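input_16.txt (compact mmCIF, C-alpha atoms) appears below.
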# COMPACT_ATOMS: atom_id res chain seq x y z
CA MET A 146 0.00 0.00 0.00
CA THR A 147 1.47 3.32 -1.05
CA ASP A 148 0.86 6.04 1.47
CA VAL A 149 -0.45 9.27 0.01
CA ARG A 150 0.89 12.67 0.98
CA TRP A 151 -1.57 15.48 1.43
CA PRO A 152 -0.31 18.89 0.36
CA LEU A 153 0.30 21.70 2.84
CA TRP A 154 -2.08 24.68 3.18
CA GLU A 155 -1.49 27.99 4.92
CA VAL A 156 -4.34 29.08 7.16
CA PHE A 157 -5.58 32.67 7.62
CA VAL A 158 -8.24 33.63 10.18
CA ARG A 159 -10.40 36.74 10.37
CA ALA A 160 -10.89 37.29 14.10
CA LYS A 161 -14.02 39.42 13.54
CA ASN A 162 -15.60 41.41 10.76
CA GLY A 163 -13.75 44.63 10.19
CA LEU A 164 -10.32 43.01 10.63
CA ALA A 165 -8.10 41.46 7.97
CA HIS A 166 -7.38 37.75 7.73
CA LYS A 167 -4.18 36.93 9.59
CA HIS A 168 -1.84 34.01 9.09
CA VAL A 169 -2.10 31.53 11.98
CA GLY A 170 -0.43 28.34 10.79
CA SER A 171 -0.75 25.45 8.38
CA VAL A 172 -2.49 22.11 7.87
CA HIS A 173 -2.16 19.13 5.58
CA ALA A 174 -5.30 18.26 3.59
CA ALA A 175 -6.27 16.53 0.36
CA ASP A 176 -8.21 19.53 -0.99
CA GLY A 177 -9.37 23.03 -0.12
CA ARG A 178 -12.64 21.98 1.52
CA MET A 179 -10.85 19.51 3.74
CA ALA A 180 -8.23 22.14 4.57
CA ILE A 181 -11.03 24.48 5.71
CA GLU A 182 -12.49 21.78 7.94
CA ALA A 183 -9.10 20.86 9.40
CA ALA A 184 -8.26 24.53 9.95
CA ARG A 185 -11.56 25.01 11.74
CA ASP A 186 -10.72 22.17 14.16
CA VAL A 187 -7.08 23.09 14.63
CA TYR A 188 -7.15 26.90 14.76
CA THR A 189 -10.63 28.03 15.87
CA ARG A 190 -11.56 25.86 18.85
CA ARG A 191 -11.99 28.91 21.07
CA MET A 192 -13.93 31.35 18.90
CA GLU A 193 -10.74 32.75 17.34
CA GLY A 194 -12.48 33.63 14.11
CA VAL A 195 -15.50 34.20 11.89
CA SER A 196 -13.88 33.47 8.53
CA LEU A 197 -11.10 31.25 7.16
CA TRP A 198 -8.83 31.35 4.13
CA VAL A 199 -6.68 28.42 3.10
CA VAL A 200 -4.00 28.80 0.43
CA PRO A 201 -1.75 26.07 -1.01
CA SER A 202 1.67 26.68 0.58
CA SER A 203 3.30 26.11 -2.79
CA ALA A 204 1.41 29.16 -4.14
CA ILE A 205 3.13 31.56 -1.77
CA VAL A 206 6.04 33.51 -3.16
CA ALA A 207 8.23 34.86 -0.39
CA SER A 208 11.06 37.37 -0.35
CA ASP A 209 14.49 36.01 0.38
CA PRO A 210 16.15 37.09 3.65
CA LYS A 211 19.25 37.82 1.55
CA GLU A 212 17.33 40.61 -0.21
CA THR A 213 16.22 42.21 3.04
CA THR A 214 18.68 45.06 2.72
CA ASP A 215 17.87 45.78 -0.93
CA LEU A 216 14.15 45.66 -0.39
CA PHE A 217 13.64 47.38 2.91
CA GLU A 218 16.64 49.50 3.75
CA PRO A 219 15.98 52.30 1.20
CA ALA A 220 12.98 53.23 3.36
CA ALA A 221 15.20 53.94 6.37
CA ASP A 222 16.63 57.24 5.01
CA LYS A 223 13.29 58.67 3.92
CA VAL A 224 12.28 60.20 7.20
CA TYR A 225 10.37 62.94 5.33
CA ARG A 226 7.67 60.30 4.79
CA HIS A 227 6.71 60.67 8.42
CA PRO A 228 4.79 63.67 9.81
CA THR A 229 7.25 64.08 12.70
CA PHE A 230 9.86 65.23 10.12
CA TYR A 231 8.07 68.57 9.82
CA THR A 232 8.05 71.46 12.25
CA ILE A 233 4.98 73.60 12.76
CA PRO A 234 4.73 76.79 14.80
CA GLU A 235 4.09 76.51 18.52
CA GLY A 236 0.41 76.56 19.40
CA VAL A 237 -0.88 75.64 15.95
CA LYS A 238 -3.44 72.87 16.20
CA ASN A 239 -2.87 69.57 14.43
CA ILE A 240 -5.37 68.45 11.86
CA MET B 164 3.21 28.28 10.55
CA TYR B 165 4.29 29.26 7.15
CA THR B 166 6.64 26.85 5.51
CA THR B 167 8.29 26.84 2.14
CA GLU B 168 8.33 23.66 0.12
CA LEU B 169 10.48 20.92 1.58
CA LYS B 170 13.92 20.46 0.22
CA ASP B 171 14.11 17.40 -1.98
CA LYS B 172 16.58 14.66 -1.20
CA SER B 173 19.27 15.99 -3.54
CA GLN B 174 19.33 19.34 -1.79
CA LYS B 175 19.37 17.87 1.67
CA SER B 176 22.64 18.73 3.30
CA THR B 177 24.65 16.15 5.18
CA PRO B 178 25.26 16.94 8.87
CA VAL B 179 27.77 19.74 9.20
CA SER B 180 29.76 20.10 12.37
CA LEU B 181 29.93 23.52 13.95
CA ALA B 182 33.63 23.80 13.10
CA ASP B 183 32.81 23.46 9.40
CA GLU B 184 30.29 26.31 9.32
CA ASP B 185 31.19 29.58 7.65
CA PRO B 186 32.65 31.53 10.62
CA GLN B 187 31.26 34.85 9.39
CA LYS B 188 27.72 33.56 9.00
CA LEU B 189 27.96 31.76 12.32
CA ALA B 190 29.10 34.92 14.11
CA ALA B 191 26.27 36.94 12.54
CA PHE B 192 23.76 34.26 13.54
CA GLU B 193 25.01 34.11 17.12
CA ALA B 194 24.90 37.90 17.42
CA ARG B 195 21.28 37.94 16.27
CA VAL B 196 20.29 35.22 18.72
CA ALA B 197 22.17 36.92 21.56
CA ALA B 198 20.24 40.12 20.80
CA ASP B 199 16.95 38.17 21.19
CA ASP B 200 16.12 38.43 17.50
CA PHE B 201 13.97 35.59 16.16
CA ILE B 202 15.28 33.23 13.48
CA GLU B 203 12.76 32.54 10.70
CA PRO B 204 12.54 29.53 8.34
CA LYS B 205 14.40 31.00 5.36
CA ASP B 206 17.19 32.57 7.43
CA TRP B 207 20.64 31.04 7.47
CA MET B 208 21.21 28.84 10.53
CA PRO B 209 23.93 26.39 11.57
CA GLU B 210 23.06 22.77 10.78
CA ALA B 211 23.46 21.85 14.46
CA TYR B 212 20.82 24.45 15.38
CA ARG B 213 18.48 23.08 12.73
CA ASN B 214 19.01 19.48 13.86
CA THR B 215 18.58 20.26 17.55
CA LEU B 216 15.32 22.03 16.79
CA ILE B 217 14.03 19.24 14.57
CA ARG B 218 14.76 16.76 17.35
CA GLN B 219 13.27 18.89 20.12
CA ILE B 220 10.15 20.09 18.26
CA SER B 221 9.31 16.68 16.82
CA GLN B 222 9.75 15.00 20.21
CA HIS B 223 7.50 17.64 21.67
CA ALA B 224 4.90 16.98 18.93
CA HIS B 225 5.10 13.22 19.46
CA SER B 226 4.55 13.75 23.20
CA GLU B 227 1.36 15.68 22.54
CA ILE B 228 0.08 12.98 20.21
CA VAL B 229 1.01 10.02 22.43
CA GLY B 230 -0.31 12.01 25.40
CA MET B 231 -3.80 11.64 24.00
CA LEU B 232 -3.69 7.88 24.62
CA PRO B 233 -3.64 7.58 28.44
CA GLU B 234 -6.41 10.18 28.72
CA GLY B 235 -8.41 8.91 25.76
CA ASN B 236 -8.81 5.67 27.73
CA TRP B 237 -10.92 7.55 30.26
CA ILE B 238 -13.30 9.47 27.99
CA THR B 239 -15.94 6.76 28.09
CA ARG B 240 -15.43 6.20 31.81
CA ALA B 241 -15.47 9.80 33.02
CA PRO B 242 -17.77 9.97 36.08
CA ASN B 243 -20.26 12.47 34.64
CA LEU B 244 -21.14 14.50 31.57
CA ARG B 245 -19.29 17.62 32.77
CA ARG B 246 -16.06 15.67 33.20
CA LYS B 247 -16.57 13.87 29.88
CA THR B 248 -16.96 17.08 27.86
CA ILE B 249 -13.93 18.62 29.61
CA LEU B 250 -11.79 15.56 28.92
CA LEU B 251 -12.89 15.42 25.28
CA ALA B 252 -11.94 19.08 24.83
CA LYS B 253 -8.59 18.51 26.51
CA VAL B 254 -7.70 15.49 24.37
CA GLN B 255 -8.70 17.44 21.25
CA ASP B 256 -6.40 20.28 22.38
CA GLU B 257 -3.50 17.83 22.71
CA GLY B 258 -4.09 16.71 19.13
CA GLY B 259 -4.08 20.36 18.05
CA HIS B 260 -0.85 21.02 19.95
CA GLY B 261 0.78 18.10 18.17
CA LEU B 262 -0.27 19.57 14.83
CA TYR B 263 1.03 23.10 15.58
CA LEU B 264 4.37 21.56 16.50
CA TYR B 265 4.62 19.19 13.54
CA ALA B 266 3.97 22.19 11.28
CA ALA B 267 6.71 24.17 13.07
CA ALA B 268 9.17 21.29 12.60
CA GLU B 269 8.25 21.03 8.91
CA THR B 270 9.50 24.58 8.35
CA LEU B 271 12.99 23.20 9.11
CA GLY B 272 12.92 20.84 6.15
CA ILE B 273 11.67 17.55 7.61
CA SER B 274 8.43 16.06 6.28
CA ARG B 275 5.42 15.03 8.35
CA GLU B 276 5.81 11.47 7.04
CA GLU B 277 9.45 11.26 8.14
CA MET B 278 8.47 12.33 11.65
CA ILE B 279 5.58 9.89 11.91
CA GLU B 280 7.80 7.11 10.60
CA ALA B 281 10.42 7.93 13.25
CA LEU B 282 7.78 7.76 15.99
CA HIS B 283 6.36 4.46 14.77
CA THR B 284 9.71 2.74 14.42
CA GLY B 285 10.84 3.93 17.85
CA LYS B 286 13.63 6.05 16.38
CA ALA B 287 12.09 9.21 17.82
CA LYS B 288 11.42 9.62 21.52
CA TYR B 289 8.50 11.18 23.33
CA SER B 290 8.05 12.23 26.94
CA THR B 291 8.71 9.33 29.33
CA ILE B 292 5.63 10.28 31.35
CA PHE B 293 3.22 8.71 28.85
CA ASN B 294 4.68 5.26 29.34
CA TYR B 295 3.04 4.98 32.75
CA PRO B 296 -0.49 3.53 32.98
CA THR B 297 -3.63 5.45 34.01
CA LEU B 298 -5.18 3.06 36.54
CA THR B 299 -7.95 5.11 38.16
CA TRP B 300 -10.00 8.25 37.53
CA ALA B 301 -7.75 10.11 39.97
CA ASP B 302 -4.89 9.54 37.50
CA ILE B 303 -6.69 11.89 35.10
CA GLY B 304 -6.67 14.48 37.87
CA ALA B 305 -3.00 13.85 38.62
CA ILE B 306 -2.05 14.10 34.95
CA GLY B 307 -3.77 17.47 34.55
CA TRP B 308 -2.40 18.84 37.79
CA LEU B 309 1.16 17.48 37.64
CA VAL B 310 1.95 16.50 34.06
CA ASP B 311 0.31 19.54 32.48
CA GLY B 312 1.67 21.66 35.32
CA ALA B 313 5.19 20.46 34.53
CA ALA B 314 4.53 21.01 30.83
CA ILE B 315 3.51 24.62 31.50
CA MET B 316 6.73 25.20 33.48
CA ASN B 317 8.69 23.89 30.50
CA GLN B 318 6.66 25.69 27.87
CA VAL B 319 6.26 29.20 29.25
CA PRO B 320 9.95 30.09 28.66
CA LEU B 321 9.74 28.45 25.20
CA GLN B 322 7.39 31.22 24.07
CA ARG B 323 10.58 33.28 23.76
CA THR B 324 12.65 30.53 22.15
CA SER B 325 14.82 31.83 19.31
CA TYR B 326 13.13 29.98 16.44
CA GLY B 327 10.07 31.98 15.37
CA PRO B 328 7.68 29.19 14.28
CA TYR B 329 8.40 27.22 17.47
CA ALA B 330 7.86 30.29 19.66
CA ARG B 331 4.55 31.08 17.93
CA ALA B 332 3.34 27.50 18.39
CA MET B 333 4.22 27.72 22.07
CA VAL B 334 2.22 30.94 22.51
CA ARG B 335 -0.91 29.17 21.27
CA ILE B 336 -0.18 26.07 23.34
CA CYS B 337 0.42 27.97 26.57
CA LYS B 338 -2.83 29.88 26.13
CA GLU B 339 -4.72 26.59 25.93
CA GLU B 340 -2.71 24.62 28.46
CA SER B 341 -3.69 26.45 31.63
CA PHE B 342 -7.23 25.04 31.60
CA HIS B 343 -5.72 21.55 31.43
CA GLN B 344 -3.80 22.08 34.63
CA ARG B 345 -6.75 23.64 36.43
CA GLN B 346 -9.26 20.94 35.53
CA GLY B 347 -6.81 18.33 36.82
CA TYR B 348 -6.31 20.11 40.11
CA GLU B 349 -10.07 20.49 40.41
CA ILE B 350 -10.55 16.73 39.93
CA MET B 351 -8.06 16.16 42.74
CA SER B 352 -9.67 18.70 45.06
CA VAL B 353 -13.15 17.22 44.51
CA LEU B 354 -11.82 13.75 45.31
CA THR B 355 -10.03 14.90 48.47
CA ALA B 356 -13.27 16.52 49.66
CA GLY B 357 -15.10 13.23 49.09
CA THR B 358 -15.30 9.86 50.88
CA GLY B 359 -12.33 8.11 52.48
CA ASP B 360 -11.99 5.89 49.41
CA GLN B 361 -11.96 8.88 47.07
CA LYS B 362 -9.35 10.62 49.18
CA ARG B 363 -7.16 7.50 49.17
CA MET B 364 -7.58 7.26 45.41
CA ALA B 365 -6.30 10.84 44.99
CA GLN B 366 -3.32 10.23 47.30
CA ASP B 367 -2.49 6.99 45.48
CA ALA B 368 -2.46 8.80 42.13
CA LEU B 369 -0.16 11.49 43.53
CA ASP B 370 2.12 8.80 44.96
CA ARG B 371 2.50 7.17 41.55
CA TRP B 372 2.76 10.34 39.39
CA TRP B 373 4.96 12.57 41.55
CA TRP B 374 8.40 11.17 40.68
CA PRO B 375 7.69 10.55 36.99
CA SER B 376 6.50 14.19 36.82
CA LEU B 377 9.81 15.44 38.27
CA MET B 378 11.64 13.31 35.69
CA MET B 379 9.76 15.12 32.90
CA PHE B 380 12.21 18.01 33.21
CA GLY B 381 14.96 15.73 31.98
CA PRO B 382 18.34 14.72 33.44
CA PRO B 383 20.14 17.02 35.93
CA ASN B 384 22.24 19.79 34.40
CA ASP B 385 25.56 17.93 34.76
CA LYS B 386 24.10 14.96 32.84
CA SER B 387 22.47 17.04 30.13
CA PRO B 388 25.13 17.48 27.45
CA ASN B 389 23.02 19.64 25.10
CA THR B 390 21.88 22.18 27.66
CA ALA B 391 24.81 24.62 27.39
CA GLN B 392 24.58 24.87 23.59
CA SER B 393 20.78 25.12 23.66
CA VAL B 394 20.84 27.90 26.25
CA ARG B 395 23.52 29.73 24.25
CA TRP B 396 21.33 29.59 21.13
CA ARG B 397 18.25 30.54 23.19
CA ILE B 398 16.49 27.36 22.16
CA LYS B 399 16.17 26.68 25.86
CA ARG B 400 15.87 29.60 28.22
CA GLU B 401 16.19 27.79 31.56
CA THR B 402 17.98 24.62 32.66
CA ASN B 403 16.25 21.37 33.63
CA ASP B 404 17.12 21.76 37.31
CA GLU B 405 15.88 25.36 37.51
CA LEU B 406 12.54 24.42 36.01
CA ARG B 407 12.22 21.33 38.22
CA GLN B 408 12.81 23.42 41.35
CA LYS B 409 10.19 25.95 40.28
CA PHE B 410 7.69 23.16 39.74
CA VAL B 411 8.30 21.65 43.19
CA ASP B 412 7.99 25.06 44.86
CA VAL B 413 4.63 25.76 43.23
CA THR B 414 3.13 22.28 43.45
CA VAL B 415 3.87 21.22 47.03
CA PRO B 416 1.68 23.96 48.59
CA GLN B 417 -1.10 23.17 46.07
CA GLY B 418 -1.10 19.59 47.35
CA GLU B 419 -1.10 20.69 50.98
CA ALA B 420 -4.05 23.00 50.33
CA ILE B 421 -6.23 20.02 49.48
CA GLY B 422 -4.81 17.64 52.08
CA LEU B 423 -2.44 15.67 49.84
CA ARG B 424 1.10 14.74 50.81
CA VAL B 425 3.95 14.54 48.31
CA PRO B 426 5.60 11.08 48.56
CA ASP B 427 9.06 12.34 49.48
CA PRO B 428 10.36 11.89 53.06
CA SER B 429 13.27 14.26 52.31
CA LEU B 430 11.04 17.13 51.28
CA ARG B 431 11.76 20.15 53.49
CA TRP B 432 11.29 23.89 53.19
CA ASN B 433 14.69 25.56 53.02
CA GLU B 434 14.30 29.01 54.55
CA GLU B 435 17.69 30.16 53.35
CA ARG B 436 17.09 29.29 49.69
CA GLY B 437 13.40 30.18 49.81
CA SER B 438 12.77 26.83 48.11
CA TYR B 439 12.00 23.22 48.91
CA ASP B 440 14.81 20.70 49.25
CA PHE B 441 13.72 17.40 47.82
CA GLY B 442 14.90 13.79 47.60
CA VAL B 443 17.08 12.13 44.99
CA ILE B 444 15.37 11.15 41.75
CA ASP B 445 15.75 7.55 40.59
CA TRP B 446 17.51 8.26 37.30
CA GLU B 447 17.92 4.55 36.60
CA GLU B 448 14.14 4.37 36.24
CA PHE B 449 14.17 7.42 33.97
CA TYR B 450 16.81 5.99 31.63
CA ALA B 451 15.02 2.64 31.55
CA VAL B 452 11.82 4.39 30.43
CA VAL B 453 13.79 6.41 27.85
CA ARG B 454 15.16 3.10 26.51
CA GLY B 455 11.57 2.00 26.00
CA GLU B 456 11.16 -0.12 29.12
CA GLY B 457 8.28 1.91 30.56
CA PRO B 458 5.32 -0.09 31.90
CA VAL B 459 3.10 0.56 28.86
CA ALA B 460 5.63 1.69 26.21
CA LYS B 461 4.76 -1.14 23.85
CA GLU B 462 1.00 -0.55 24.08
CA ARG B 463 1.46 3.14 23.31
CA THR B 464 3.44 2.53 20.12
CA GLN B 465 1.11 -0.26 19.05
CA ALA B 466 -1.92 1.99 19.52
CA ARG B 467 -0.29 4.73 17.41
CA VAL B 468 0.72 2.36 14.60
CA LYS B 469 -2.73 0.77 14.58
CA ALA B 470 -4.47 4.16 14.36
CA TRP B 471 -2.17 5.15 11.47
CA LYS B 472 -2.76 1.89 9.59
CA ASP B 473 -6.50 1.92 10.22
CA GLY B 474 -6.63 5.46 8.81
CA ALA B 475 -4.79 4.60 5.59
CA TRP B 476 -7.99 4.05 3.58
CA VAL B 477 -9.30 7.45 4.67
CA ARG B 478 -6.12 9.18 3.48
CA GLU B 479 -6.29 7.35 0.17
CA ALA B 480 -10.00 8.00 -0.34
CA ALA B 481 -9.60 11.73 0.38
CA ALA B 482 -6.69 11.99 -2.05
CA ALA B 483 -8.63 10.07 -4.73
CA HIS B 484 -11.66 12.31 -4.23
CA ALA B 485 -9.49 15.43 -4.50
CA SER B 486 -7.81 14.34 -7.74
CA LYS B 487 -11.16 13.31 -9.28
CA ARG B 488 -12.60 16.73 -8.49
CA THR B 489 -9.56 18.48 -9.89
CA MET B 490 -9.86 16.52 -13.14
CA ARG B 491 -13.59 17.19 -13.38
CA MET B 492 -13.05 20.91 -12.83
CA ALA B 493 -10.32 20.95 -15.48
CA ALA B 494 -12.66 19.23 -17.94
CA GLU B 495 -15.48 21.74 -17.41

Now, as a test, write the supplied structure out as structure tokens.
Amino acid sequence: MTDVRWPLWEVFVRAKNGLAHKHVGSVHAADGRMAIEAARDVYTRRMEGVSLWVVPSSAIVASDPKETTDLFEPAADKVYRHPTFYTIPEGVKNI
Amino acid sequence: MYTTELKDKSQKSTPVSLADEDPQKLAAFEARVAADDFIEPKDWMPEAYRNTLIRQISQHAHSEIVGMLPEGNWITRAPNLRRKTILLAKVQDEGGHGLYLYAAAETLGISREEMIEALHTGKAKYSTIFNYPTLTWADIGAIGWLVDGAAIMNQVPLQRTSYGPYARAMVRICKEESFHQRQGYEIMSVLTAGTGDQKRMAQDALDRWWWPSLMMFGPPNDKSPNTAQSVRWRIKRETNDELRQKFVDVTVPQGEAIGLRVPDPSLRWNEERGSYDFGVIDWEEFYAVVRGEGPVAKERTQARVKAWKDGAWVREAAAAHASKRTMRMAAE
């Protein structure tokens, strides 16, 4: 008997309406429906959510830690993108 | 726990000793860990770090899964509906904990199947505590109170362990674990408030589970060769002996509060240390259980293998159903 391998799915839970789905973990399942049911049992036993997404892990494209500097460091010297960069006269009310 | 696709066999690196690692990468890694930064799946890490984590996380996962067995025995025999629903929920939690941990281990490049295979062939270990039998209902109380209590002591510092996916799994587990400990202590306190027989049953369970619970923290520091490296890499945050002492200090007064006596004639409050002194642990017994000579070791493995084999047709049927649906959808 050959044992079958179920693919891996990443699980995202919406804690309540108004919030985005957030990654919580992963499950193995034969298909999407089964992944939803497994995710429900594994990740929402204590009312952690009102909605689930499951995505095949193989469909996720991730950035490489080696590119961290290239991708994210250019933002570090652009302080003018933050409101605290600017001075306004004493006593003027903020919007 | 997000994981990238597993490395295939050709990419799998052979064990690299620490001396063979790139010294620059190693120094950068150690600096990050020392600064309490988390290491994530795609980051560079020494092979020894990876292997230690695979061993520790998979053993932890196996312990959760095997831990369902001694308690599962009592679901149908729980004394009332309240206790039955609680026990069902607890056993389901243990299954969930096993799954969080397997997923965390998979991010390190080992497959679920390899881990299950290692458990079934006896290559992988699990906590020695589950190789003791659950003889009476009070044992379910003692397991919750002592075994889950010891687990919490071990797991709370692991929420800050240096490997991100492991730490995140531990946060979820710790959140769920505290009810396990409380329900166990409540079972014990109800029994000690009951008839003479019930009180004796509770004391008997404590007598049998006390020493195995202390052994759960692992060998003493001087006999634990991996501790220094694991503490250095922040995989472990406290030593076995520190955690064991904490457990004794918290648990002894809990027993006294409900009229139970810890089975240790050497137990004494040490005013100077602000801690309990306690007797010598029978490490021969511990190593025998580690070697697989625990009272019910064989039954536990057999039960696991049987469940896996009995479930084979379900795994096949689900996979067949999925591929049929995929083909049908492609045809439409």

Next on the checklist: Please check the contacts: residues of chain A at most 7 Å away from chain B, using all atoms listed in the file, listed as a ChimeraX atom specification.
Outcome noted: /A:149,155,169-171,175-176,187,202-203,210

Next on the checklist: I'd like the neighbourhood of Leu282 of chain B as a list of chain:residue names, where a residue qualifies if any of its atoms comes within 12 Å (using all atoms listed in the file), though same-chain residues fewer than 2 positions away should be ignored.
Outcome noted: B:Arg218, B:Ser221, B:Gln222, B:His223, B:Ala224, B:His225, B:Ser226, B:Ile228, B:Val229, B:Arg275, B:Glu276, B:Glu277, B:Met278, B:Ile279, B:Glu280, B:Thr284, B:Gly285, B:Lys286, B:Ala287, B:Lys288, B:Tyr289, B:Ser290, B:Arg463, B:Thr464, B:Gln465, B:Ala466, B:Arg467, B:Val468, B:Trp471

Item to check | Exercise: segment 161-163 of chain A partners within 12 Å, all atoms listed in the file, chain neighbours under 5 positions left out, as a ChimeraX atom specification | outcome: /A:192-197

Resulting file, chosen residues, C-alpha atoms, as an mmCIF file, in the coordinates of the input:
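The resulting file, part29.cif, is reproduced below:
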data_model
loop_
_atom_site.group_PDB
_atom_site.id
_atom_site.type_symbol
_atom_site.label_atom_id
_atom_site.label_comp_id
_atom_site.auth_asym_id
_atom_site.auth_seq_id
_atom_site.Cartn_x
_atom_site.Cartn_y
_atom_site.Cartn_z
ATOM 1 C CA MET A 192 -13.930 31.350 18.900
ATOM 2 C CA GLU A 193 -10.740 32.750 17.340
ATOM 3 C CA GLY A 194 -12.480 33.630 14.110
ATOM 4 C CA VAL A 195 -15.500 34.200 11.890
ATOM 5 C CA SER A 196 -13.880 33.470 8.530
ATOM 6 C CA LEU A 197 -11.100 31.250 7.160
#

Item to check | Nearest candidate to Ile398 of chain B (options B:Phe449, B:Trp372, B:Tyr212, B:Phe380; using only C-alpha atoms) | outcome: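 Result for the nearest residue to Ile398 of chain B: B:Tyr212.
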
Item to check | Test item: residues at most 8 Å from Ala174 of chain A, only C-alpha atoms, excluding those fewer than 6 positions along its chain, as a list in words | outcome: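 That gives Trp151, Pro152, Leu153, Trp154, Ala180 and Ala183 of chain A.
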
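The interatomic distance for the pair atom CA of Arg397 of chain B and atom CA of Met333 of chain B works out to 14.4 Å.
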